[in-house]
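Source file: entry15.pdb (PDB, C-alpha atoms)
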```
ATOM      1  CA  MET A   1       0.000   0.000   0.000  1.00  0.00           C
ATOM      2  CA  ARG A   2       1.569   3.304  -1.086  1.00  0.00           C
ATOM      3  CA  LEU A   3       0.893   6.147   1.330  1.00  0.00           C
ATOM      4  CA  THR A   4       1.426   9.856   0.953  1.00  0.00           C
ATOM      5  CA  GLU A   5       3.266  11.834   3.612  1.00  0.00           C
ATOM      6  CA  GLN A   6      -0.064  13.228   4.814  1.00  0.00           C
ATOM      7  CA  GLN A   7      -1.544   9.733   5.097  1.00  0.00           C
ATOM      8  CA  VAL A   8       1.480   8.556   7.094  1.00  0.00           C
ATOM      9  CA  ARG A   9       0.976  11.429   9.519  1.00  0.00           C
ATOM     10  CA  SER A  10      -2.692  10.580   9.872  1.00  0.00           C
ATOM     11  CA  LEU A  11      -1.952   6.928  10.689  1.00  0.00           C
ATOM     12  CA  TYR A  12      -0.585   7.620  14.178  1.00  0.00           C
ATOM     13  CA  GLY A  13      -3.199   6.740  16.802  1.00  0.00           C
ATOM     14  CA  GLN A  14      -5.727   5.447  14.254  1.00  0.00           C
ATOM     15  CA  ASP A  15      -7.656   2.236  14.930  1.00  0.00           C
ATOM     16  CA  VAL A  16      -6.336  -0.951  13.319  1.00  0.00           C
ATOM     17  CA  GLN A  17      -8.846  -3.572  12.165  1.00  0.00           C
ATOM     18  CA  ASP A  18      -8.289  -7.165  11.111  1.00  0.00           C
ATOM     19  CA  ARG A  19      -9.530  -8.517   7.790  1.00  0.00           C
ATOM     20  CA  SER A  20     -13.011  -9.173   9.239  1.00  0.00           C
ATOM     21  CA  GLY A  21     -13.370  -5.614  10.576  1.00  0.00           C
ATOM     22  CA  ALA A  22     -12.720  -6.448  14.267  1.00  0.00           C
ATOM     23  CA  LYS A  23     -10.624  -3.902  16.130  1.00  0.00           C
ATOM     24  CA  ILE A  24      -7.087  -5.032  17.036  1.00  0.00           C
ATOM     25  CA  GLY A  25      -5.728  -1.811  18.561  1.00  0.00           C
ATOM     26  CA  SER A  26      -4.267   1.481  17.353  1.00  0.00           C
ATOM     27  CA  VAL A  27      -1.215   2.533  15.320  1.00  0.00           C
ATOM     28  CA  GLY A  28       1.873   3.276  17.418  1.00  0.00           C
ATOM     29  CA  GLN A  29       4.649   3.862  14.862  1.00  0.00           C
ATOM     30  CA  VAL A  30       5.358   3.507  11.150  1.00  0.00           C
ATOM     31  CA  TRP A  31       8.497   2.013   9.583  1.00  0.00           C
ATOM     32  CA  ALA A  32       9.738   2.720   6.063  1.00  0.00           C
ATOM     33  CA  ASP A  33      11.967   0.644   3.817  1.00  0.00           C
ATOM     34  CA  ALA A  34      15.240   1.773   2.263  1.00  0.00           C
ATOM     35  CA  ALA A  35      13.329   3.587  -0.482  1.00  0.00           C
ATOM     36  CA  GLY A  36      11.310   5.547   2.065  1.00  0.00           C
ATOM     37  CA  GLU A  37       8.084   3.618   1.478  1.00  0.00           C
ATOM     38  CA  PRO A  38       6.080   2.786   4.636  1.00  0.00           C
ATOM     39  CA  THR A  39       6.123  -1.006   5.098  1.00  0.00           C
ATOM     40  CA  TRP A  40       5.392  -1.836   8.776  1.00  0.00           C
ATOM     41  CA  VAL A  41       3.309  -0.453  11.618  1.00  0.00           C
ATOM     42  CA  SER A  42       3.369  -1.234  15.305  1.00  0.00           C
ATOM     43  CA  VAL A  43      -0.042  -1.875  16.884  1.00  0.00           C
ATOM     44  CA  LYS A  44      -0.957  -1.005  20.465  1.00  0.00           C
ATOM     45  CA  THR A  45      -3.269  -3.844  21.385  1.00  0.00           C
ATOM     46  CA  GLY A  46      -4.305  -2.545  24.803  1.00  0.00           C
ATOM     47  CA  VAL A  47      -2.701  -5.470  26.619  1.00  0.00           C
ATOM     48  CA  MET A  48      -0.795  -4.338  29.689  1.00  0.00           C
ATOM     49  CA  GLY A  49       2.917  -3.986  28.929  1.00  0.00           C
ATOM     50  CA  HIS A  50       5.415  -1.902  27.021  1.00  0.00           C
ATOM     51  CA  HIS A  51       5.437  -3.702  23.682  1.00  0.00           C
ATOM     52  CA  GLU A  52       3.541  -3.209  20.430  1.00  0.00           C
ATOM     53  CA  SER A  53       2.829  -5.947  17.882  1.00  0.00           C
ATOM     54  CA  MET A  54       4.137  -5.453  14.353  1.00  0.00           C
ATOM     55  CA  ALA A  55       1.958  -5.700  11.245  1.00  0.00           C
ATOM     56  CA  PRO A  56       2.799  -5.316   7.525  1.00  0.00           C
ATOM     57  CA  LEU A  57       1.269  -2.591   5.396  1.00  0.00           C
ATOM     58  CA  GLN A  58       1.366  -4.935   2.436  1.00  0.00           C
ATOM     59  CA  ALA A  59      -2.230  -5.671   1.389  1.00  0.00           C
ATOM     60  CA  ALA A  60      -3.469  -3.199   4.030  1.00  0.00           C
ATOM     61  CA  ARG A  61      -5.885  -0.429   3.148  1.00  0.00           C
ATOM     62  CA  MET A  62      -7.120   2.797   4.716  1.00  0.00           C
ATOM     63  CA  GLN A  63     -10.830   3.182   5.327  1.00  0.00           C
ATOM     64  CA  ASP A  64     -12.656   6.397   4.484  1.00  0.00           C
ATOM     65  CA  ASP A  65     -12.792   7.279   8.195  1.00  0.00           C
ATOM     66  CA  GLY A  66      -8.992   6.919   8.527  1.00  0.00           C
ATOM     67  CA  ARG A  67      -8.916   3.470  10.129  1.00  0.00           C
ATOM     68  CA  LEU A  68      -6.314   0.983   8.891  1.00  0.00           C
ATOM     69  CA  GLN A  69      -7.422  -2.521   7.880  1.00  0.00           C
ATOM     70  CA  VAL A  70      -4.724  -5.197   7.610  1.00  0.00           C
ATOM     71  CA  GLY A  71      -5.062  -8.443   5.700  1.00  0.00           C
ATOM     72  CA  TYR A  72      -4.724 -10.746   8.721  1.00  0.00           C
ATOM     73  CA  ASP A  73      -6.889 -11.872  11.614  1.00  0.00           C
ATOM     74  CA  LYS A  74      -6.629 -10.434  15.123  1.00  0.00           C
ATOM     75  CA  ALA A  75      -4.895 -13.483  16.626  1.00  0.00           C
ATOM     76  CA  THR A  76      -2.139 -13.422  13.991  1.00  0.00           C
ATOM     77  CA  VAL A  77      -1.351  -9.734  14.615  1.00  0.00           C
ATOM     78  CA  ARG A  78      -1.476  -9.992  18.400  1.00  0.00           C
ATOM     79  CA  SER A  79       0.896 -12.975  18.382  1.00  0.00           C
ATOM     80  CA  ALA A  80       3.345 -11.296  15.979  1.00  0.00           C
ATOM     81  CA  PRO A  81       6.873 -10.219  17.045  1.00  0.00           C
ATOM     82  CA  SER A  82       6.764  -6.919  18.919  1.00  0.00           C
ATOM     83  CA  VAL A  83       8.860  -3.827  19.571  1.00  0.00           C
ATOM     84  CA  GLU A  84       9.245  -1.669  22.637  1.00  0.00           C
ATOM     85  CA  THR A  85       6.742   1.154  22.920  1.00  0.00           C
ATOM     86  CA  GLY A  86       8.263   4.477  21.823  1.00  0.00           C
ATOM     87  CA  THR A  87      11.453   2.954  20.393  1.00  0.00           C
ATOM     88  CA  ASP A  88      13.370   4.945  17.800  1.00  0.00           C
ATOM     89  CA  GLN A  89      15.706   2.109  16.860  1.00  0.00           C
ATOM     90  CA  PRO A  90      15.644   0.606  13.370  1.00  0.00           C
ATOM     91  CA  LEU A  91      14.461  -2.955  12.980  1.00  0.00           C
ATOM     92  CA  THR A  92      17.280  -5.484  13.158  1.00  0.00           C
ATOM     93  CA  ALA A  93      17.853  -8.225  10.603  1.00  0.00           C
ATOM     94  CA  ASP A  94      16.686 -10.833  13.130  1.00  0.00           C
ATOM     95  CA  GLN A  95      13.474  -8.900  13.807  1.00  0.00           C
ATOM     96  CA  LEU A  96      12.760  -8.626  10.093  1.00  0.00           C
ATOM     97  CA  THR A  97      13.390 -12.337   9.558  1.00  0.00           C
ATOM     98  CA  GLN A  98      10.985 -13.204  12.369  1.00  0.00           C
ATOM     99  CA  LEU A  99       8.336 -10.830  10.968  1.00  0.00           C
ATOM    100  CA  TYR A 100       8.538 -12.187   7.429  1.00  0.00           C
ATOM    101  CA  GLN A 101       8.383 -15.752   8.719  1.00  0.00           C
ATOM    102  CA  HIS A 102       5.421 -14.964  11.000  1.00  0.00           C
ATOM    103  CA  TYR A 103       3.404 -13.371   8.177  1.00  0.00           C
ATOM    104  CA  GLN A 104       4.775 -15.771   5.523  1.00  0.00           C
ATOM    105  CA  LEU A 105       6.048 -12.937   3.340  1.00  0.00           C
ATOM    106  CA  GLN A 106       9.015 -12.777   1.002  1.00  0.00           C
ATOM    107  CA  GLN A 107      11.807 -10.895   2.766  1.00  0.00           C
ATOM    108  CA  GLN A 108      12.843  -7.579   1.263  1.00  0.00           C
ATOM    109  CA  ALA A 109      15.565  -5.038   1.859  1.00  0.00           C
ATOM    110  CA  PRO A 110      16.197  -3.805   5.459  1.00  0.00           C
ATOM    111  CA  THR A 111      14.013  -0.980   6.718  1.00  0.00           C
ATOM    112  CA  ARG A 112      15.156   2.218   8.313  1.00  0.00           C
ATOM    113  CA  GLN A 113      14.117   3.823  11.589  1.00  0.00           C
ATOM    114  CA  PRO A 114      10.477   4.714  12.342  1.00  0.00           C
ATOM    115  CA  GLU A 115       8.999   7.550  10.313  1.00  0.00           C
ATOM    116  CA  GLN A 116       8.079  10.437  12.617  1.00  0.00           C
ATOM    117  CA  PRO A 117       5.750  13.331  11.764  1.00  0.00           C
ATOM    118  CA  PRO A 118       8.021  16.170  10.505  1.00  0.00           C
ATOM    119  CA  GLN A 119       8.674  19.019  12.949  1.00  0.00           C
ATOM    120  CA  ARG A 120       8.332  22.562  11.744  1.00  0.00           C
ATOM    121  CA  MET A 121      11.508  24.608  12.385  1.00  0.00           C
ATOM    122  CA  ARG A 122      11.551  28.380  12.739  1.00  0.00           C
ATOM    123  CA  GLY A 123      14.336  30.921  13.152  1.00  0.00           C
ATOM    124  CA  GLY A 124      14.730  33.061  16.268  1.00  0.00           C
ATOM    125  CA  PRO A 125      14.066  32.207  19.926  1.00  0.00           C
ATOM    126  CA  GLU A 126      11.327  29.691  20.510  1.00  0.00           C
ATOM    127  CA  VAL A 127       9.742  27.575  23.203  1.00  0.00           C
ATOM    128  CA  VAL A 128       8.102  24.226  22.811  1.00  0.00           C
ATOM    129  CA  ARG A 129       4.482  24.188  23.934  1.00  0.00           C
ATOM    130  CA  SER A 130       3.376  20.794  25.200  1.00  0.00           C
ATOM    131  CA  GLU A 131       0.080  19.307  26.141  1.00  0.00           C
ATOM    132  CA  GLU A 132      -1.204  16.040  27.467  1.00  0.00           C
ATOM    133  CA  ARG A 133      -3.116  13.732  25.172  1.00  0.00           C
ATOM    134  CA  LEU A 134      -5.298  10.853  26.271  1.00  0.00           C
ATOM    135  CA  ARG A 135      -3.998   7.503  25.086  1.00  0.00           C
ATOM    136  CA  VAL A 136      -6.935   5.271  25.806  1.00  0.00           C
ATOM    137  CA  GLY A 137      -6.536   1.526  25.407  1.00  0.00           C
ATOM    138  CA  THR A 138      -8.111  -1.577  26.817  1.00  0.00           C
ATOM    139  CA  GLU A 139      -6.989  -4.449  28.960  1.00  0.00           C
ATOM    140  CA  THR A 140      -8.616  -7.797  29.507  1.00  0.00           C
ATOM    141  CA  GLU A 141      -9.661  -8.858  32.976  1.00  0.00           C
ATOM    142  CA  PRO A 142     -11.744 -11.717  34.352  1.00  0.00           C
ATOM    143  CA  ALA A 143     -15.457 -10.943  34.239  1.00  0.00           C
ATOM    144  CA  GLY A 144     -16.805 -13.957  36.052  1.00  0.00           C
ATOM    145  CA  ALA A 145     -17.570 -17.415  34.766  1.00  0.00           C
ATOM    146  CA  ALA A 146     -20.610 -18.868  33.062  1.00  0.00           C
ATOM    147  CA  ARG A 147     -21.641 -22.335  34.221  1.00  0.00           C
ATOM    148  CA  LEU A 148     -24.209 -24.880  33.210  1.00  0.00           C
ATOM    149  CA  ARG A 149     -25.807 -26.810  36.049  1.00  0.00           C
ATOM    150  CA  LYS A 150     -28.680 -29.230  35.870  1.00  0.00           C
ATOM    151  CA  HIS A 151     -30.773 -30.358  38.784  1.00  0.00           C
ATOM    152  CA  VAL A 152     -33.874 -32.456  39.226  1.00  0.00           C
ATOM    153  CA  VAL A 153     -37.235 -30.913  40.072  1.00  0.00           C
ATOM    154  CA  THR A 154     -40.540 -32.679  40.649  1.00  0.00           C
ATOM    155  CA  GLU A 155     -43.691 -31.343  39.090  1.00  0.00           C
ATOM    156  CA  ASN A 156     -47.266 -32.527  38.897  1.00  0.00           C
ATOM    157  CA  VAL A 157     -48.573 -33.677  35.532  1.00  0.00           C
ATOM    158  CA  HIS A 158     -52.332 -33.603  35.066  1.00  0.00           C
ATOM    159  CA  THR A 159     -53.769 -35.702  32.266  1.00  0.00           C
ATOM    160  CA  ALA A 160     -56.727 -37.973  31.591  1.00  0.00           C
ATOM    161  CA  VAL A 161     -57.003 -41.478  30.185  1.00  0.00           C
ATOM    162  CA  PRO A 162     -60.255 -43.231  29.116  1.00  0.00           C
ATOM    163  CA  VAL A 163     -61.057 -46.361  31.174  1.00  0.00           C
ATOM    164  CA  GLU A 164     -63.808 -48.940  30.689  1.00  0.00           C
ATOM    165  CA  HIS A 165     -65.867 -50.866  33.240  1.00  0.00           C
ATOM    166  CA  ASP A 166     -68.890 -53.149  33.130  1.00  0.00           C
ATOM    167  CA  GLU A 167     -72.235 -51.944  34.385  1.00  0.00           C
ATOM    168  CA  VAL A 168     -75.048 -54.399  35.282  1.00  0.00           C
ATOM    169  CA  ASN A 169     -78.646 -53.879  34.185  1.00  0.00           C
ATOM    170  CA  VAL A 170     -81.446 -56.021  35.677  1.00  0.00           C
ATOM    171  CA  VAL A 171     -83.862 -56.927  32.862  1.00  0.00           C
ATOM    172  CA  HIS A 172     -87.327 -58.307  33.614  1.00  0.00           C
ATOM    173  CA  GLU A 173     -88.849 -60.234  30.699  1.00  0.00           C
ATOM    174  CA  PRO A 174     -92.464 -61.444  31.137  1.00  0.00           C
ATOM    175  CA  ILE A 175     -93.310 -65.065  30.215  1.00  0.00           C
ATOM    176  CA  THR A 176     -96.284 -65.204  27.889  1.00  0.00           C
ATOM    177  CA  ALA A 177     -98.278 -67.999  26.375  1.00  0.00           C
ATOM    178  CA  ALA A 178     -96.073 -67.835  23.312  1.00  0.00           C
ATOM    179  CA  ASN A 179     -92.793 -68.513  25.170  1.00  0.00           C
ATOM    180  CA  ARG A 180     -94.042 -70.447  28.175  1.00  0.00           C
ATOM    181  CA  GLY A 181     -92.876 -73.734  26.656  1.00  0.00           C
ATOM    182  CA  ASP A 182     -89.220 -72.669  27.085  1.00  0.00           C
ATOM    183  CA  ALA A 183     -89.539 -72.094  30.830  1.00  0.00           C
ATOM    184  CA  ARG A 184     -89.938 -74.784  33.467  1.00  0.00           C
ATOM    185  CA  PRO A 185     -91.320 -73.959  36.855  1.00  0.00           C
ATOM    186  CA  ASP A 186     -88.756 -74.722  39.593  1.00  0.00           C
ATOM    187  CA  ILE A 187     -89.428 -73.234  42.983  1.00  0.00           C
ATOM    188  CA  ARG A 188     -86.180 -73.290  45.011  1.00  0.00           C
ATOM    189  CA  ASP A 189     -83.245 -71.140  46.068  1.00  0.00           C
ATOM    190  CA  ASP A 190     -80.795 -70.447  43.237  1.00  0.00           C
ATOM    191  CA  GLN A 191     -77.862 -68.144  42.346  1.00  0.00           C
ATOM    192  CA  ARG A 192     -76.195 -67.058  39.123  1.00  0.00           C
ATOM    193  CA  GLU A 193     -72.969 -65.062  38.656  1.00  0.00           C
ATOM    194  CA  MET A 194     -71.658 -62.775  35.893  1.00  0.00           C
ATOM    195  CA  GLU A 195     -67.983 -61.758  35.748  1.00  0.00           C
ATOM    196  CA  LEU A 196     -67.518 -58.032  35.681  1.00  0.00           C
ATOM    197  CA  ARG A 197     -64.377 -56.212  34.516  1.00  0.00           C
ATOM    198  CA  ALA A 198     -63.102 -52.655  34.985  1.00  0.00           C
ATOM    199  CA  GLU A 199     -59.992 -50.815  33.730  1.00  0.00           C
ATOM    200  CA  HIS A 200     -57.846 -48.555  35.914  1.00  0.00           C
ATOM    201  CA  PRO A 201     -54.991 -46.175  34.978  1.00  0.00           C
ATOM    202  CA  VAL A 202     -51.461 -47.581  35.055  1.00  0.00           C
ATOM    203  CA  VAL A 203     -48.546 -45.091  35.242  1.00  0.00           C
ATOM    204  CA  ALA A 204     -45.085 -45.917  33.912  1.00  0.00           C
ATOM    205  CA  LYS A 205     -42.124 -43.580  33.440  1.00  0.00           C
ATOM    206  CA  GLU A 206     -39.398 -43.500  30.818  1.00  0.00           C
ATOM    207  CA  GLN A 207     -36.377 -41.222  30.412  1.00  0.00           C
ATOM    208  CA  VAL A 208     -35.990 -39.536  27.031  1.00  0.00           C
ATOM    209  CA  PRO A 209     -33.530 -36.827  25.880  1.00  0.00           C
ATOM    210  CA  VAL A 210     -35.368 -33.630  24.906  1.00  0.00           C
ATOM    211  CA  GLU A 211     -32.705 -30.984  24.117  1.00  0.00           C
ATOM    212  CA  ARG A 212     -29.022 -30.088  24.208  1.00  0.00           C
ATOM    213  CA  VAL A 213     -28.017 -27.000  26.184  1.00  0.00           C
ATOM    214  CA  ARG A 214     -24.570 -25.486  25.704  1.00  0.00           C
ATOM    215  CA  LEU A 215     -22.721 -22.260  26.456  1.00  0.00           C
ATOM    216  CA  ASP A 216     -21.519 -20.083  23.591  1.00  0.00           C
ATOM    217  CA  LYS A 217     -19.979 -16.637  23.615  1.00  0.00           C
ATOM    218  CA  ASP A 218     -19.620 -13.780  21.148  1.00  0.00           C
ATOM    219  CA  GLU A 219     -17.127 -10.945  21.286  1.00  0.00           C
ATOM    220  CA  VAL A 220     -19.119  -7.731  21.390  1.00  0.00           C
ATOM    221  CA  VAL A 221     -17.488  -4.337  20.775  1.00  0.00           C
ATOM    222  CA  GLU A 222     -19.193  -1.357  22.332  1.00  0.00           C
ATOM    223  CA  GLU A 223     -18.238   2.225  23.125  1.00  0.00           C
ATOM    224  CA  GLU A 224     -17.611   3.057  26.764  1.00  0.00           C
ATOM    225  CA  PRO A 225     -17.162   6.727  27.731  1.00  0.00           C
ATOM    226  CA  VAL A 226     -13.838   7.721  29.313  1.00  0.00           C
ATOM    227  CA  ASN A 227     -13.546  10.939  31.307  1.00  0.00           C
ATOM    228  CA  ALA A 228     -10.128  12.253  32.347  1.00  0.00           C
ATOM    229  CA  GLN A 229      -8.342  15.545  32.893  1.00  0.00           C
ATOM    230  CA  VAL A 230      -5.399  16.597  30.732  1.00  0.00           C
ATOM    231  CA  ARG A 231      -3.032  19.505  31.094  1.00  0.00           C
ATOM    232  CA  ARG A 232      -1.766  21.825  28.367  1.00  0.00           C
ATOM    233  CA  GLU A 233       0.571  24.780  28.279  1.00  0.00           C
ATOM    234  CA  LEU A 234      -0.312  28.274  27.144  1.00  0.00           C
ATOM    235  CA  VAL A 235       2.380  30.624  25.802  1.00  0.00           C
ATOM    236  CA  ASP A 236       2.142  34.341  26.536  1.00  0.00           C
ATOM    237  CA  ALA A 237       4.449  36.684  24.651  1.00  0.00           C
ATOM    238  CA  ASP A 238       5.674  39.712  26.638  1.00  0.00           C
ATOM    239  CA  VAL A 239       6.438  42.198  23.861  1.00  0.00           C
ATOM    240  CA  PRO A 240       6.874  45.978  24.348  1.00  0.00           C
ATOM    241  CA  ASP A 241       4.086  48.007  22.820  1.00  0.00           C
ATOM    242  CA  ARG A 242       6.425  49.764  20.378  1.00  0.00           C
ATOM    243  CA  ALA A 243       7.652  46.433  19.079  1.00  0.00           C
ATOM    244  CA  ARG A 244       4.250  44.712  18.925  1.00  0.00           C
ATOM    245  CA  ARG A 245       2.925  44.184  15.447  1.00  0.00           C
ATOM    246  CA  ASN A 246      -0.703  45.255  15.105  1.00  0.00           C
ATOM    247  CA  ARG A 247      -2.874  42.665  13.454  1.00  0.00           C
TER     248      ARG A 247
END
```
Is it possible to give me this structure as structure tokens?
Amino acid sequence: MRLTEQQVRSLYGQDVQDRSGAKIGSVGQVWADAAGEPTWVSVKTGVMGHHESMAPLQAARMQDDGRLQVGYDKATVRSAPSVETGTDQPLTADQLTQLYQHYQLQQQAPTRQPEQPPQRMRGGPEVVRSEERLRVGTETEPAGAARLRKHVVTENVHTAVPVEHDEVNVVHEPITAANRGDARPDIRDDQREMELRAEHPVVAKEQVPVERVRLDKDEVVEEEPVNAQVRRELVDADVPDRARRNR
């Protein structure tokens, strides 16, 4: 990716995204090759420490809002060889070899020291006015643990099942002249029985699997406001009235 001098200046502090658009960190420094072309950036990942991961500008692109998107995933960049925060030393041959091997790139000519935004020089006495800038990052900390527990509860199940039973009806049938020949008079004690049957509910239980429950997690990026106080210097010029230029 070829960058103009103005684009190089604008890179410092900009967000760095991986190839899927997830934020990795922010740009710390920019390195140029022997021809003066920017080739590497260091990325502040927000992890506590004094080192910044290195990432190649090859196949990277700048978004319209100024953010830098590299052609690798977050894990690859965060596990890349790193440099000390704020270093002004050029990359060594060993560092370059490790970087090219990590990103599986063809090694090129050695790079020179980090490109810094040019300072404007003026003649005559001058003071340097400084101010504090917020450098907001993130760090990962434990946020509790999610657990799956299962326990047994007992609940009442109300249902209905149809059951059958026999009911007895006593039928009186008169004997007439037409059917009297089938009946014989027999006066004595007698008894007859009929077997009756009835159904009743029977409950049985079986264990069946009904669903799988698992824990899953997504990485969610959200904006959290940060409030802090910063100091800055103001410069007052004490110039005699006769020497003051009216504007």
May I have the residues within 10 Å of Val235 (chain A) as a CSV table (one decimal) with C-alpha atoms, in the frame of the given file, using only C-alpha atoms and disregarding those fewer than 2 positions away in the same chain?
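around15.csv was written with the following content:
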```
chain,number,residue,atom,x,y,z
A,127,VAL,CA,9.7,27.6,23.2
A,128,VAL,CA,8.1,24.2,22.8
A,129,ARG,CA,4.5,24.2,23.9
A,130,SER,CA,3.4,20.8,25.2
A,233,GLU,CA,0.6,24.8,28.3
A,237,ALA,CA,4.4,36.7,24.7
A,238,ASP,CA,5.7,39.7,26.6
```
Subject >> Expected selection from the PyMOL selection byres ((chain A and resi 95) around 12), given as a list in words >> reply: Trp40, Ser53, Met54, Ala80, Pro81, Ser82, Val83, Gln89, Pro90, Leu91, Thr92, Ala93, Asp94, Leu96, Thr97, Gln98, Leu99, Tyr100, Gln101, His102, Gln107, Pro110 and Thr111 of chain A
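Using the PyMOL selection byres ((chain A and resi 167) around 9) on this structure selects His165, Asp166, Val168, Asn169, Leu196 and Arg197 of chain A.
From CA of Val8 (chain A) back to CA of Glu223 (chain A), the distance works out to 26.2 Å.
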**OP:** Calculate how many Å separate CA of Asp73 (chain A) from CA of Gly21 (chain A), rounding to one decimal.
**Re:** 9.1 Å
**OP:** Excluding Lys44 (chain A) and any residue of its chain fewer than 5 positions from it, enumerate the residues within 9 Å of it, using all atoms listed in the file, and give them as a list in words.
**Re:** Gly13, Val16, Ile24, Gly25, Ser26, Val27, Gly28, His51, Glu52, Ser53, Thr85 and Gly137 of chain A
**OP:** Would you kindly translate the PyMOL selection byres ((chain A and resi 160-164) around 6) into the concrete residues it picks from this file, as a PyMOL selection string?
**Re:** chain A and resi 159+165+198-199
Original post:
Which one of A:Arg9, A:Arg61, A:Arg244, A:Lys217 sits closest to Ala145 (chain A) if you count all atoms listed in the file?
Top reply: A:Lys217
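Separating CA of Glu141 (chain A) from CA of Val230 (chain A) is a distance of 25.9 Å.
Excluding Gln7 (chain A) itself and same-chain residues fewer than 4 positions from it, the residues having an atom within 9 Å of it are Leu3, Leu11, Met62 and Gly66 of chain A, counting only C-alpha atoms.
Shortest separation to Arg78 (chain A) among A:Gln63, A:Thr45, A:Gln14, A:Ser20 occurs at residue A:Thr45, atoms counted being only C-alpha atoms.
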Return as AutoDock Vina command-line options the box centre and box size in Å, one decimal, for an axis-aligned box around all listed atoms of region 197-214 of chain A padded by 5 Å per side.
```
--center_x -44.5 --center_y -40.8 --center_z 30.0 --size_x 49.8 --size_y 40.7 --size_z 21.8
```
